[in-house]
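**Q** The following block contains the structure, expressed as structure tokens.
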Amino acid sequence: MSFTVGDVELPYGPSSIVLRNPAKVEEFEMDDAMPILIVPGFGAIELVLEGNLVGDKASIMGSYVFPLMSQVGEVVTLDNTGYYDTDWLCVDFTWVEVNARQIKYTIRLLMGAAYIIDGEEWED
């Protein structure tokens, strides 16, 4: 089954998907006591995709690695994922050459209420 990240259609889905929904927590220090924890809101929802791409190195680089790198800092739409199909801000793409025919990748995405990129509000 294909898995689409923005303009890039991966040949198969990631081997690992991690979703985080952290609260923002501020600590109010107390003398000789545990701190008071204050939650003023929530952080951005974070989605981390990890997987492998196997094949001819030139094809992997041209079809997947370079196009995914170009999406960092842009809003991308996930598609064919099931639960995660929506718009996300691509904040990081890392790849590791495992061997001559295998690349391991990590894509870090954030979801917010709105996106402002280079001073401009992003609109679908």
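Identifiers in this document derive from the order of the structure tokens: chains are assigned A, B, ..., residues are numbered from 1 separately in each chain, and ligands are numbered from 1 in order of occurrence.
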Show me, as a PDB file with N, CA and C atoms, in the first residue's frame, the residues that have an atom within 10 Å of region 70-81 of chain A when counting only C-alpha atoms, minus same-chain residues fewer than 2 positions from it.

**A**
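See around29.pdb below for the written result:
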```pdb
ATOM      1  N   MET A   1       0.845  -1.187   0.000  1.00  0.00           N
ATOM      2  CA  MET A   1       0.000   0.000   0.000  1.00  0.00           C
ATOM      3  C   MET A   1       0.886   1.246   0.000  1.00  0.00           C
ATOM      4  N   SER A   2       0.596   2.184  -0.850  1.00  0.00           N
ATOM      5  CA  SER A   2       1.383   3.419  -0.900  1.00  0.00           C
ATOM      6  C   SER A   2       1.027   4.308   0.298  1.00  0.00           C
ATOM      7  N   PHE A   3       1.885   5.228   0.570  1.00  0.00           N
ATOM      8  CA  PHE A   3       1.769   6.133   1.704  1.00  0.00           C
ATOM      9  C   PHE A   3       2.276   7.475   1.195  1.00  0.00           C
ATOM     10  N   THR A   4       1.450   8.514   1.204  1.00  0.00           N
ATOM     11  CA  THR A   4       1.823   9.775   0.581  1.00  0.00           C
ATOM     12  C   THR A   4       2.128  10.846   1.620  1.00  0.00           C
ATOM     13  N   VAL A   5       3.304  11.480   1.464  1.00  0.00           N
ATOM     14  CA  VAL A   5       3.730  12.596   2.305  1.00  0.00           C
ATOM     15  C   VAL A   5       3.914  13.788   1.378  1.00  0.00           C
ATOM     16  N   GLY A   6       2.937  14.702   1.377  1.00  0.00           N
ATOM     17  CA  GLY A   6       3.004  15.838   0.459  1.00  0.00           C
ATOM     18  C   GLY A   6       2.996  15.359  -0.973  1.00  0.00           C
ATOM     19  N   ASP A   7       4.051  15.695  -1.723  1.00  0.00           N
ATOM     20  CA  ASP A   7       4.161  15.318  -3.132  1.00  0.00           C
ATOM     21  C   ASP A   7       4.854  13.973  -3.346  1.00  0.00           C
ATOM     22  N   VAL A   8       5.242  13.307  -2.257  1.00  0.00           N
ATOM     23  CA  VAL A   8       6.037  12.083  -2.374  1.00  0.00           C
ATOM     24  C   VAL A   8       5.185  10.870  -2.018  1.00  0.00           C
ATOM     25  N   GLU A   9       5.067   9.951  -2.974  1.00  0.00           N
ATOM     26  CA  GLU A   9       4.345   8.706  -2.725  1.00  0.00           C
ATOM     27  C   GLU A   9       5.359   7.617  -2.411  1.00  0.00           C
ATOM     28  N   GLY A  13       4.205   2.006   3.608  1.00  0.00           N
ATOM     29  CA  GLY A  13       4.139   2.848   4.793  1.00  0.00           C
ATOM     30  C   GLY A  13       5.344   2.701   5.705  1.00  0.00           C
ATOM     31  N   PRO A  14       5.440   3.575   6.700  1.00  0.00           N
ATOM     32  CA  PRO A  14       6.560   3.517   7.636  1.00  0.00           C
ATOM     33  C   PRO A  14       6.490   2.271   8.513  1.00  0.00           C
ATOM     34  N   VAL A  65      14.352  10.653  -1.308  1.00  0.00           N
ATOM     35  CA  VAL A  65      15.144  11.426  -0.352  1.00  0.00           C
ATOM     36  C   VAL A  65      15.166  12.915  -0.692  1.00  0.00           C
ATOM     37  N   PHE A  66      15.572  13.282  -1.883  1.00  0.00           N
ATOM     38  CA  PHE A  66      15.641  14.707  -2.238  1.00  0.00           C
ATOM     39  C   PHE A  66      14.263  15.378  -2.221  1.00  0.00           C
ATOM     40  N   PRO A  67      13.201  14.743  -2.757  1.00  0.00           N
ATOM     41  CA  PRO A  67      11.883  15.363  -2.667  1.00  0.00           C
ATOM     42  C   PRO A  67      11.389  15.528  -1.215  1.00  0.00           C
ATOM     43  N   LEU A  68      11.670  14.563  -0.348  1.00  0.00           N
ATOM     44  CA  LEU A  68      11.269  14.699   1.058  1.00  0.00           C
ATOM     45  C   LEU A  68      12.060  15.812   1.742  1.00  0.00           C
ATOM     46  N   TYR A  83      -5.741   7.050   9.796  1.00  0.00           N
ATOM     47  CA  TYR A  83      -6.011   7.990  10.884  1.00  0.00           C
ATOM     48  C   TYR A  83      -5.292   9.335  10.740  1.00  0.00           C
ATOM     49  N   TYR A  84      -4.143   9.404  10.119  1.00  0.00           N
ATOM     50  CA  TYR A  84      -3.303  10.600  10.125  1.00  0.00           C
ATOM     51  C   TYR A  84      -3.484  11.489   8.895  1.00  0.00           C
ATOM     52  N   ASP A  85      -4.461  11.193   8.039  1.00  0.00           N
ATOM     53  CA  ASP A  85      -4.672  11.953   6.804  1.00  0.00           C
ATOM     54  C   ASP A  85      -5.148  13.372   7.108  1.00  0.00           C
ATOM     55  N   THR A  86      -4.237  14.320   7.082  1.00  0.00           N
ATOM     56  CA  THR A  86      -4.548  15.733   7.258  1.00  0.00           C
ATOM     57  C   THR A  86      -3.287  16.535   6.932  1.00  0.00           C
ATOM     58  N   ASP A  87      -3.327  17.839   7.178  1.00  0.00           N
ATOM     59  CA  ASP A  87      -2.181  18.714   6.918  1.00  0.00           C
ATOM     60  C   ASP A  87      -1.269  18.774   8.137  1.00  0.00           C
ATOM     61  N   TRP A  88       0.033  18.694   7.893  1.00  0.00           N
ATOM     62  CA  TRP A  88       1.057  18.727   8.924  1.00  0.00           C
ATOM     63  C   TRP A  88       2.194  19.638   8.460  1.00  0.00           C
ATOM     64  N   LEU A  89       2.893  20.261   9.411  1.00  0.00           N
ATOM     65  CA  LEU A  89       4.092  21.018   9.091  1.00  0.00           C
ATOM     66  C   LEU A  89       5.284  20.070   9.181  1.00  0.00           C
ATOM     67  N   CYS A  90       5.994  19.918   8.086  1.00  0.00           N
ATOM     68  CA  CYS A  90       7.179  19.048   8.060  1.00  0.00           C
ATOM     69  C   CYS A  90       8.335  19.847   8.662  1.00  0.00           C
ATOM     70  N   VAL A  91       8.819  19.421   9.837  1.00  0.00           N
ATOM     71  CA  VAL A  91       9.855  20.187  10.532  1.00  0.00           C
ATOM     72  C   VAL A  91      11.233  19.545  10.464  1.00  0.00           C
ATOM     73  N   ASP A  92      11.297  18.262  10.079  1.00  0.00           N
ATOM     74  CA  ASP A  92      12.606  17.623  10.006  1.00  0.00           C
ATOM     75  C   ASP A  92      12.525  16.368   9.146  1.00  0.00           C
ATOM     76  N   PHE A  93      13.569  16.146   8.373  1.00  0.00           N
ATOM     77  CA  PHE A  93      13.717  14.914   7.609  1.00  0.00           C
ATOM     78  C   PHE A  93      15.161  14.457   7.767  1.00  0.00           C
ATOM     79  N   ILE A 107      10.840  11.143   9.488  1.00  0.00           N
ATOM     80  CA  ILE A 107      10.147  12.385   9.135  1.00  0.00           C
ATOM     81  C   ILE A 107       9.434  12.870  10.397  1.00  0.00           C
ATOM     82  N   ARG A 108       9.688  14.117  10.795  1.00  0.00           N
ATOM     83  CA  ARG A 108       9.041  14.694  11.979  1.00  0.00           C
ATOM     84  C   ARG A 108       8.060  15.764  11.510  1.00  0.00           C
ATOM     85  N   LEU A 109       6.803  15.615  11.931  1.00  0.00           N
ATOM     86  CA  LEU A 109       5.716  16.501  11.520  1.00  0.00           C
ATOM     87  C   LEU A 109       5.030  17.079  12.750  1.00  0.00           C
ATOM     88  N   LEU A 110       4.532  18.317  12.641  1.00  0.00           N
ATOM     89  CA  LEU A 110       3.779  18.949  13.714  1.00  0.00           C
ATOM     90  C   LEU A 110       2.425  19.412  13.197  1.00  0.00           C
ATOM     91  N   MET A 111       1.409  19.335  14.069  1.00  0.00           N
ATOM     92  CA  MET A 111       0.078  19.824  13.715  1.00  0.00           C
ATOM     93  C   MET A 111      -0.284  20.981  14.638  1.00  0.00           C
ATOM     94  N   TYR A 115      -0.821  27.755  10.419  1.00  0.00           N
ATOM     95  CA  TYR A 115       0.607  27.733  10.081  1.00  0.00           C
ATOM     96  C   TYR A 115       0.990  29.079   9.479  1.00  0.00           C
ATOM     97  N   ILE A 116       2.028  29.688  10.025  1.00  0.00           N
ATOM     98  CA  ILE A 116       2.582  30.918   9.462  1.00  0.00           C
ATOM     99  C   ILE A 116       4.007  30.597   9.046  1.00  0.00           C
ATOM    100  N   ILE A 117       4.262  30.686   7.746  1.00  0.00           N
ATOM    101  CA  ILE A 117       5.560  30.322   7.188  1.00  0.00           C
ATOM    102  C   ILE A 117       6.131  31.537   6.474  1.00  0.00           C
ATOM    103  N   ASP A 118       7.335  31.947   6.877  1.00  0.00           N
ATOM    104  CA  ASP A 118       7.973  33.150   6.312  1.00  0.00           C
ATOM    105  C   ASP A 118       7.063  34.357   6.396  1.00  0.00           C
ATOM    106  N   TRP A 122      -0.384  30.167   6.063  1.00  0.00           N
ATOM    107  CA  TRP A 122      -0.584  29.124   5.058  1.00  0.00           C
ATOM    108  C   TRP A 122      -2.062  28.854   4.886  1.00  0.00           C
ATOM    109  N   GLU A 123      -2.483  28.755   3.636  1.00  0.00           N
ATOM    110  CA  GLU A 123      -3.873  28.418   3.335  1.00  0.00           C
ATOM    111  C   GLU A 123      -3.876  27.272   2.355  1.00  0.00           C
ATOM    112  N   ASP A 124      -4.794  26.347   2.562  1.00  0.00           N
ATOM    113  CA  ASP A 124      -4.914  25.186   1.699  1.00  0.00           C
ATOM    114  C   ASP A 124      -5.500  25.580   0.359  1.00  0.00           C
TER     115      ASP A 124
END
```

**Q** Using DSSP on the backbone coordinates, identify all residues within region 18-77 of chain A classified as alpha helix (DSSP H); present the result as a list in words.

**A** Lys57, Ala58, Ser59, Ile60, Phe66, Pro67, Leu68 and Met69 of chain A

**Q** Emit the selected residues as a PDB file, in the first residue's frame, including C-alpha atoms.

**A**
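Result saved to again-v2.pdb:
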```
ATOM      1  CA  LYS A  57      20.521   4.195  -4.534  1.00  0.00           C
ATOM      2  CA  ALA A  58      20.143   6.694  -7.376  1.00  0.00           C
ATOM      3  CA  SER A  59      16.433   5.899  -7.671  1.00  0.00           C
ATOM      4  CA  ILE A  60      15.874   6.140  -3.906  1.00  0.00           C
ATOM      5  CA  PHE A  66      15.641  14.707  -2.238  1.00  0.00           C
ATOM      6  CA  PRO A  67      11.883  15.363  -2.667  1.00  0.00           C
ATOM      7  CA  LEU A  68      11.269  14.699   1.058  1.00  0.00           C
ATOM      8  CA  MET A  69      14.164  17.001   2.000  1.00  0.00           C
TER       9      MET A  69
END
```

**Q** Of the candidates A:Ala113, A:Val25, A:Ile36, A:Val54, which one gets nearest to Ala100 (chain A) if we count only C-alpha atoms?

**A**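 Selected residue with least distance to Ala100 (chain A): A:Val54.
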
**Q** Can you tell me which residues surround Asn21 (chain A) at a distance of at most 8 Å, considering only C-alpha atoms, apart from same-chain residues fewer than 4 positions away, and format the answer as a PyMOL selection string?

**A** chain A and resi 42-46

**Q** For the selection you just gave me, I'd like the residues written to a file as a PDB file, in the first residue's frame, keeping C-alpha atoms.

**A**
```
ATOM      1  CA  PHE A  42      -1.031  22.232  24.854  1.00  0.00           C
ATOM      2  CA  GLY A  43       1.978  21.943  22.602  1.00  0.00           C
ATOM      3  CA  ALA A  44       1.795  21.032  18.942  1.00  0.00           C
ATOM      4  CA  ILE A  45       0.804  17.459  18.203  1.00  0.00           C
ATOM      5  CA  GLU A  46       3.891  15.658  16.912  1.00  0.00           C
TER       6      GLU A  46
END
```

**Q** Which residue is closest to Arg20 (chain A)? Choose from A:Gly82, A:Gly55, A:Val48, A:Gly119 and count only C-alpha atoms.

**A** A:Val48

**Q** Could you pull the residues within 8 Å of Lys104 (chain A), counting only C-alpha atoms, minus those fewer than 3 positions along the same chain, as number ranges by chain?

**A** A: 50-53, 95-98

**Q** Include C-alpha atoms and write out the residues we just selected as an mmCIF file, in the first residue's frame.

**A**
```
data_model
loop_
_atom_site.group_PDB
_atom_site.id
_atom_site.type_symbol
_atom_site.label_atom_id
_atom_site.label_comp_id
_atom_site.auth_asym_id
_atom_site.auth_seq_id
_atom_site.Cartn_x
_atom_site.Cartn_y
_atom_site.Cartn_z
ATOM 1 C CA GLU A 50 10.280 6.014 10.490
ATOM 2 C CA GLY A 51 10.832 3.548 7.701
ATOM 3 C CA ASN A 52 13.154 2.041 5.138
ATOM 4 C CA LEU A 53 13.540 2.473 1.408
ATOM 5 C CA TRP A 95 18.052 9.793 6.430
ATOM 6 C CA VAL A 96 20.755 7.239 7.086
ATOM 7 C CA GLU A 97 22.447 5.130 4.446
ATOM 8 C CA VAL A 98 22.277 1.609 5.931
#
```

**Q** Could you jot down the CA of Gly41 (chain A) to CA of Glu27 (chain A) separation for me, Å, one decimal place?

**A** 13.4 Å

**Q** What's the 12 Å shell around Asp56 (chain A), counting only C-alpha atoms, without same-chain residues fewer than 6 positions away, as a PyMOL selection string?

**A** chain A and resi 62-64+99-103

**Q** Restricting it to C-alpha atoms, dump the selection as a PDB file, in the first residue's frame.

**A**
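Output below, filename out-v2.pdb:
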```
ATOM      1  CA  GLY A  62      15.917  10.982  -6.747  1.00  0.00           C
ATOM      2  CA  SER A  63      12.426   9.642  -6.086  1.00  0.00           C
ATOM      3  CA  TYR A  64      12.235   9.896  -2.292  1.00  0.00           C
ATOM      4  CA  ASN A  99      24.024   0.037   2.942  1.00  0.00           C
ATOM      5  CA  ALA A 100      24.291   0.563  -0.831  1.00  0.00           C
ATOM      6  CA  ARG A 101      20.649  -0.493  -1.354  1.00  0.00           C
ATOM      7  CA  GLN A 102      18.886   0.648   1.836  1.00  0.00           C
ATOM      8  CA  ILE A 103      18.050   4.063   3.312  1.00  0.00           C
TER       9      ILE A 103
END
```

**Q** Run DSSP on the backbone of this structure and report the residues of region 2-90 of chain A it assigns to strand (DSSP E or B), as JSON, numbers by chain.

**A** {"A": [3, 4, 5, 8, 9, 10, 16, 17, 18, 19, 20, 23, 24, 25, 26, 27, 28, 29, 30, 33, 34, 35, 36, 37, 38, 39, 40, 41, 42, 45, 46, 47, 48, 49, 50, 51, 52, 53, 54, 75, 76, 77, 78, 79, 87, 88, 89, 90]}

**Q** Suppose we keep N, CA and C atoms; can you now write the selection as a CSV table (one decimal), in the first residue's frame?

**A**
```csv
chain,number,residue,atom,x,y,z
A,3,PHE,N,1.9,5.2,0.6
A,3,PHE,CA,1.8,6.1,1.7
A,3,PHE,C,2.3,7.5,1.2
A,4,THR,N,1.4,8.5,1.2
A,4,THR,CA,1.8,9.8,0.6
A,4,THR,C,2.1,10.8,1.6
A,5,VAL,N,3.3,11.5,1.5
A,5,VAL,CA,3.7,12.6,2.3
A,5,VAL,C,3.9,13.8,1.4
A,8,VAL,N,5.2,13.3,-2.3
A,8,VAL,CA,6.0,12.1,-2.4
A,8,VAL,C,5.2,10.9,-2.0
A,9,GLU,N,5.1,10.0,-3.0
A,9,GLU,CA,4.3,8.7,-2.7
A,9,GLU,C,5.4,7.6,-2.4
A,10,LEU,N,5.4,7.2,-1.1
A,10,LEU,CA,6.3,6.2,-0.7
A,10,LEU,C,5.8,4.8,-1.2
A,16,SER,N,7.4,2.4,11.7
A,16,SER,CA,7.1,2.9,13.0
A,16,SER,C,6.4,4.3,12.9
A,17,ILE,N,5.3,4.5,13.7
A,17,ILE,CA,4.6,5.8,13.7
A,17,ILE,C,4.5,6.1,15.2
A,18,VAL,N,5.0,7.3,15.6
A,18,VAL,CA,4.9,7.7,17.0
A,18,VAL,C,4.1,9.0,17.0
A,19,LEU,N,3.0,9.1,17.8
A,19,LEU,CA,2.2,10.3,18.0
A,19,LEU,C,2.3,10.8,19.4
A,20,ARG,N,2.7,12.1,19.5
A,20,ARG,CA,2.8,12.7,20.9
A,20,ARG,C,1.8,13.9,20.9
A,23,ALA,N,1.4,18.3,26.8
A,23,ALA,CA,0.9,19.5,27.5
A,23,ALA,C,2.1,20.5,27.7
A,24,LYS,N,1.8,21.8,27.7
A,24,LYS,CA,2.8,22.7,28.2
A,24,LYS,C,2.7,22.8,29.7
A,25,VAL,N,3.8,22.6,30.4
A,25,VAL,CA,3.7,22.6,31.8
A,25,VAL,C,4.7,23.6,32.4
A,26,GLU,N,4.2,24.5,33.2
A,26,GLU,CA,5.1,25.4,34.0
A,26,GLU,C,5.1,25.0,35.4
A,27,GLU,N,6.3,25.2,36.0
A,27,GLU,CA,6.4,24.8,37.4
A,27,GLU,C,6.6,26.0,38.3
A,28,PHE,N,5.8,26.0,39.4
A,28,PHE,CA,5.9,27.0,40.4
A,28,PHE,C,6.6,26.4,41.6
A,29,GLU,N,7.8,26.8,41.8
A,29,GLU,CA,8.6,26.2,42.9
A,29,GLU,C,8.1,26.6,44.2
A,30,MET,N,8.1,25.6,45.1
A,30,MET,CA,7.7,25.8,46.5
A,30,MET,C,8.9,25.5,47.4
A,33,ALA,N,9.0,21.8,49.2
A,33,ALA,CA,7.8,21.0,48.8
A,33,ALA,C,7.8,20.7,47.3
A,34,MET,N,7.0,19.8,46.9
A,34,MET,CA,6.9,19.6,45.5
A,34,MET,C,6.4,20.8,44.8
A,35,PRO,N,6.7,21.1,43.5
A,35,PRO,CA,6.3,22.3,42.8
A,35,PRO,C,4.8,22.1,42.5
A,36,ILE,N,4.2,23.3,42.3
A,36,ILE,CA,2.8,23.3,41.7
A,36,ILE,C,3.0,23.3,40.2
A,37,LEU,N,2.2,22.5,39.6
A,37,LEU,CA,2.3,22.4,38.1
A,37,LEU,C,1.1,23.1,37.5
A,38,ILE,N,1.4,23.9,36.5
A,38,ILE,CA,0.4,24.7,35.9
A,38,ILE,C,0.4,24.4,34.4
A,39,VAL,N,-0.8,24.1,33.8
A,39,VAL,CA,-0.9,23.7,32.4
A,39,VAL,C,-1.6,24.8,31.7
A,40,PRO,N,-0.9,25.8,31.0
A,40,PRO,CA,-1.6,26.9,30.4
A,40,PRO,C,-2.1,26.5,29.0
A,41,GLY,N,-1.8,25.3,28.5
A,41,GLY,CA,-2.3,24.9,27.2
A,41,GLY,C,-1.5,23.7,26.7
A,42,PHE,N,-1.7,23.4,25.4
A,42,PHE,CA,-1.0,22.2,24.9
A,42,PHE,C,0.0,22.6,23.8
A,45,ILE,N,0.8,18.9,18.3
A,45,ILE,CA,0.8,17.5,18.2
A,45,ILE,C,1.9,17.1,17.3
A,46,GLU,N,2.7,16.1,17.7
A,46,GLU,CA,3.9,15.7,16.9
A,46,GLU,C,3.7,14.2,16.4
A,47,LEU,N,4.0,14.1,15.1
A,47,LEU,CA,4.0,12.7,14.5
A,47,LEU,C,5.3,12.4,13.9
A,48,VAL,N,5.9,11.3,14.3
A,48,VAL,CA,7.2,10.9,13.8
A,48,VAL,C,7.0,9.6,13.0
A,49,LEU,N,7.5,9.6,11.7
A,49,LEU,CA,7.4,8.4,10.8
A,49,LEU,C,8.8,7.9,10.6
A,50,GLU,N,9.0,6.6,10.8
A,50,GLU,CA,10.3,6.0,10.5
A,50,GLU,C,10.1,4.8,9.6
A,51,GLY,N,11.0,4.7,8.6
A,51,GLY,CA,10.8,3.5,7.7
A,51,GLY,C,12.1,3.3,6.9
A,52,ASN,N,12.0,2.4,6.0
A,52,ASN,CA,13.2,2.0,5.1
A,52,ASN,C,12.8,2.1,3.7
A,53,LEU,N,13.7,2.5,2.9
A,53,LEU,CA,13.5,2.5,1.4
A,53,LEU,C,14.6,1.6,0.9
A,54,VAL,N,14.2,0.6,0.0
A,54,VAL,CA,15.2,-0.3,-0.5
A,54,VAL,C,15.2,-0.3,-2.0
A,75,VAL,N,4.0,22.9,4.7
A,75,VAL,CA,2.9,22.2,5.1
A,75,VAL,C,2.7,21.1,4.1
A,76,VAL,N,2.5,19.8,4.5
A,76,VAL,CA,2.3,18.7,3.7
A,76,VAL,C,1.0,18.0,4.1
A,77,THR,N,0.4,17.3,3.2
A,77,THR,CA,-0.7,16.5,3.4
A,77,THR,C,-0.4,15.1,3.4
A,78,LEU,N,-0.7,14.3,4.5
A,78,LEU,CA,-0.5,12.9,4.5
A,78,LEU,C,-1.8,12.3,3.9
A,79,ASP,N,-1.6,11.2,3.1
A,79,ASP,CA,-2.7,10.6,2.5
A,79,ASP,C,-2.4,9.1,2.5
A,87,ASP,N,-3.3,17.8,7.2
A,87,ASP,CA,-2.2,18.7,6.9
A,87,ASP,C,-1.3,18.8,8.1
A,88,TRP,N,0.0,18.7,7.9
A,88,TRP,CA,1.1,18.7,8.9
A,88,TRP,C,2.2,19.6,8.5
A,89,LEU,N,2.9,20.3,9.4
A,89,LEU,CA,4.1,21.0,9.1
A,89,LEU,C,5.3,20.1,9.2
A,90,CYS,N,6.0,19.9,8.1
A,90,CYS,CA,7.2,19.0,8.1
A,90,CYS,C,8.3,19.8,8.7
```
